[in-house]
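Data first, discussion second: the structure below is written as structure tokens.
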Amino acid sequence: MDGLVIKCRRCSADIPVRPVSVINSSENPELKNELVDGKLFIRECPVCGERQLVRFPLLYHDPSEKLLVWLSDENPETEAQMKKAVVVEGMEGYSGRIVDTPGQLIEKIKIFDAGLDDIAMELCKFVTRQETGKDVDMLFFGFDGADNEITLTYPENGEMQMLRIGFNVYEDCAGIVVRNPELKKAAAGLTRVSRSWVESFIR
């Protein structure tokens, strides 16, 4: 992918950007680490040092997890081509996902690296919103602790908040996925498995 130039939001200086178009986690583990750490999409102004987020389309491929995630450029024609390519290449056994933001891309990688199912995780977030009364977009952050608690993050009052939930909530949602095979069937190919996607099956 050719380089591009963006303007610094503070001083308007030019910031050169050389986007990464494809990451294969097996071949480029260092790029995967840079992506998951959130550094891949951050650029620093060479004049004033201001750091800002830069968004560009990216295809992430993890052969070991059989995961393909496309960070969309929001071009319907490009998305159609990507969906067709996944079918043509016969990605049997793969989970193919489309995401709209770098944060969503990082979340998908974290979910699959943790050995979890993203459909069940979206159901888990739906249940958590219902129980807490928080109508916010939540992201999976981590999975740890003696009781395997799940940590979700969400924006509130201009800051990112953390919320821990019991692993039993996820297990219940994973059971729902097993009992409703149409969910897995609908997620085949290259699909946006998101809040709105899950809620379309509930409402």
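In the structure tokens, chains take letters A, B, ... by order of appearance, with residues numbered from 1 within each chain and ligands from 1 in the order shown.
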> Could you pull out the helix (DSSP H, G or I) residues of stretch 44-149 of chain A from DSSP and send them as a ChimeraX atom specification?
Replying inline: /A:76-88,102-113,118-132
>> Which residues are near stretch 95-104 of chain A? Cut-off 8 Å, only C-alpha atoms, ignore same chain within fewer than 3 positions. Put them as a list of chain:residue names.
In response: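 The residues that qualify are A:Phe41, A:Arg55, A:Lys66, A:Leu67, A:Leu68, A:Val69, A:Trp70, A:Leu71, A:Ser72, A:Asp73, A:Glu74, A:Val86, A:Glu107, A:Lys108, A:Leu139, A:Ala187, A:Ala188, A:Gly189, A:Leu190, A:Thr191, A:Arg192, A:Val193.
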Write out the residues from the selection above, keeping C-alpha atoms, as an mmCIF file, in the first residue's frame.
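Everything below was put into selection.cif:
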```cif
data_model
loop_
_atom_site.group_PDB
_atom_site.id
_atom_site.type_symbol
_atom_site.label_atom_id
_atom_site.label_comp_id
_atom_site.auth_asym_id
_atom_site.auth_seq_id
_atom_site.Cartn_x
_atom_site.Cartn_y
_atom_site.Cartn_z
ATOM 1 C CA PHE A 41 -2.481 2.893 14.173
ATOM 2 C CA ARG A 55 -7.162 4.532 10.298
ATOM 3 C CA LYS A 66 -8.200 -20.027 11.336
ATOM 4 C CA LEU A 67 -9.193 -16.392 11.685
ATOM 5 C CA LEU A 68 -9.529 -13.737 9.000
ATOM 6 C CA VAL A 69 -10.482 -10.187 10.020
ATOM 7 C CA TRP A 70 -10.936 -7.355 7.546
ATOM 8 C CA LEU A 71 -10.731 -3.789 8.881
ATOM 9 C CA SER A 72 -13.040 -2.242 6.315
ATOM 10 C CA ASP A 73 -12.352 0.864 4.290
ATOM 11 C CA GLU A 74 -16.164 1.365 4.253
ATOM 12 C CA VAL A 86 -13.048 -15.614 1.003
ATOM 13 C CA GLU A 107 -10.982 -7.012 20.226
ATOM 14 C CA LYS A 108 -11.561 -9.824 17.706
ATOM 15 C CA LEU A 139 -15.350 -4.227 24.075
ATOM 16 C CA ALA A 187 -21.823 -15.857 10.656
ATOM 17 C CA ALA A 188 -20.311 -17.982 7.879
ATOM 18 C CA GLY A 189 -18.136 -16.308 5.250
ATOM 19 C CA LEU A 190 -17.029 -12.758 6.000
ATOM 20 C CA THR A 191 -19.523 -11.198 8.431
ATOM 21 C CA ARG A 192 -19.910 -8.287 10.840
ATOM 22 C CA VAL A 193 -20.521 -10.086 14.125
#
```
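Atom CA of A:Pro155 sits 28.4 Å away from atom CA of A:Ser21.
In terms of minimum interatomic distance to A:His61, A:Asn24 ranks closest within A:Gln81, A:Asn75, A:Asn24, A:Thr151, counting only C-alpha atoms.
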> Could you write out, as a ChimeraX atom specification, all the residues of stretch 25-175 of chain A that DSSP marks as strand (DSSP E)?
Replying inline: /A:42-44,51-53,58-62,67-71,95-99,139-144,149-156,159-165
> Which residues, written as a ChimeraX atom specification, have at least one atom at most 12 Å from A:Lys134, with only C-alpha atoms counted and residues fewer than 3 positions away on the same chain left out?
Replying inline: /A:125-131,137-138,153-156,161,163
For the residues in the current selection, export N, CA, C and O atoms as a compact mmCIF listing (two decimals), in the first residue's frame.
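To be explicit, this is the file written out as result_28.txt:
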```
# COMPACT_ATOMS: atom_id res chain seq x y z
N LYS A 125 -22.16 -9.45 26.12
CA LYS A 125 -22.21 -7.99 26.26
C LYS A 125 -23.67 -7.50 26.26
O LYS A 125 -24.01 -6.56 26.99
N PHE A 126 -24.51 -8.14 25.46
CA PHE A 126 -25.93 -7.78 25.44
C PHE A 126 -26.55 -8.01 26.82
O PHE A 126 -27.26 -7.14 27.35
N VAL A 127 -26.29 -9.18 27.39
CA VAL A 127 -26.82 -9.50 28.73
C VAL A 127 -26.30 -8.51 29.76
O VAL A 127 -27.05 -8.03 30.63
N THR A 128 -25.02 -8.16 29.67
CA THR A 128 -24.42 -7.23 30.63
C THR A 128 -25.04 -5.85 30.53
O THR A 128 -25.29 -5.18 31.54
N ARG A 129 -25.32 -5.39 29.30
CA ARG A 129 -25.99 -4.09 29.13
C ARG A 129 -27.38 -4.12 29.75
O ARG A 129 -27.80 -3.15 30.39
N GLN A 130 -28.07 -5.24 29.58
CA GLN A 130 -29.42 -5.36 30.14
C GLN A 130 -29.36 -5.34 31.67
O GLN A 130 -30.19 -4.68 32.32
N GLU A 131 -28.40 -6.04 32.24
CA GLU A 131 -28.32 -6.15 33.69
C GLU A 131 -27.83 -4.87 34.36
O GLU A 131 -28.22 -4.57 35.49
N ASP A 137 -21.46 0.87 24.01
CA ASP A 137 -20.76 -0.13 23.23
C ASP A 137 -19.58 -0.65 24.04
O ASP A 137 -18.67 0.10 24.39
N MET A 138 -19.62 -1.93 24.35
CA MET A 138 -18.58 -2.56 25.16
C MET A 138 -17.62 -3.35 24.29
O MET A 138 -17.99 -3.88 23.24
N THR A 153 -14.60 -3.21 28.52
CA THR A 153 -14.36 -1.78 28.62
C THR A 153 -15.47 -1.04 27.88
O THR A 153 -16.05 -1.57 26.93
N TYR A 154 -15.73 0.19 28.33
CA TYR A 154 -16.74 1.01 27.66
C TYR A 154 -16.46 2.48 27.98
O TYR A 154 -15.87 2.81 29.02
N PRO A 155 -16.86 3.40 27.08
CA PRO A 155 -16.62 4.82 27.32
C PRO A 155 -17.69 5.44 28.21
O PRO A 155 -18.87 5.12 28.09
N GLU A 156 -17.25 6.29 29.15
CA GLU A 156 -18.20 7.00 30.01
C GLU A 156 -17.54 8.27 30.51
O GLU A 156 -16.43 8.24 31.04
N GLN A 161 -13.95 2.96 30.96
CA GLN A 161 -14.23 2.29 32.22
C GLN A 161 -14.04 0.78 32.08
O GLN A 161 -14.15 0.24 30.98
N LEU A 163 -15.22 -3.09 33.48
CA LEU A 163 -16.30 -3.81 34.14
C LEU A 163 -15.97 -5.30 34.11
O LEU A 163 -15.72 -5.86 33.05
```
> atom CA of A:Gly93 and atom CA of A:Asp144, how far apart in Å?
Replying inline: 27.3 Å
>> List the spatial neighbours of A:Pro19 as a PyMOL selection string - criterion: any atom at most 10 Å away, only C-alpha atoms, same-chain residues fewer than 3 positions off excluded.
In response: chain A and resi 1-4+16+22+40-41+54-58
>> Taking only C-alpha atoms into account, name the residue in A:Ile15, A:Met91, A:Met160, A:Ile176 that is nearest to A:Leu53.
In response: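 Using only C-alpha atoms, the shortest distance to A:Leu53 belongs to A:Ile15.
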>> So the first atom is atom CA of A:Val47 and the second is atom CA of A:Cys8; what is the distance between them in Å, to one decimal place?
In response: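 Between atom CA of A:Val47 and atom CA of A:Cys8 the gap works out to 8.9 Å.
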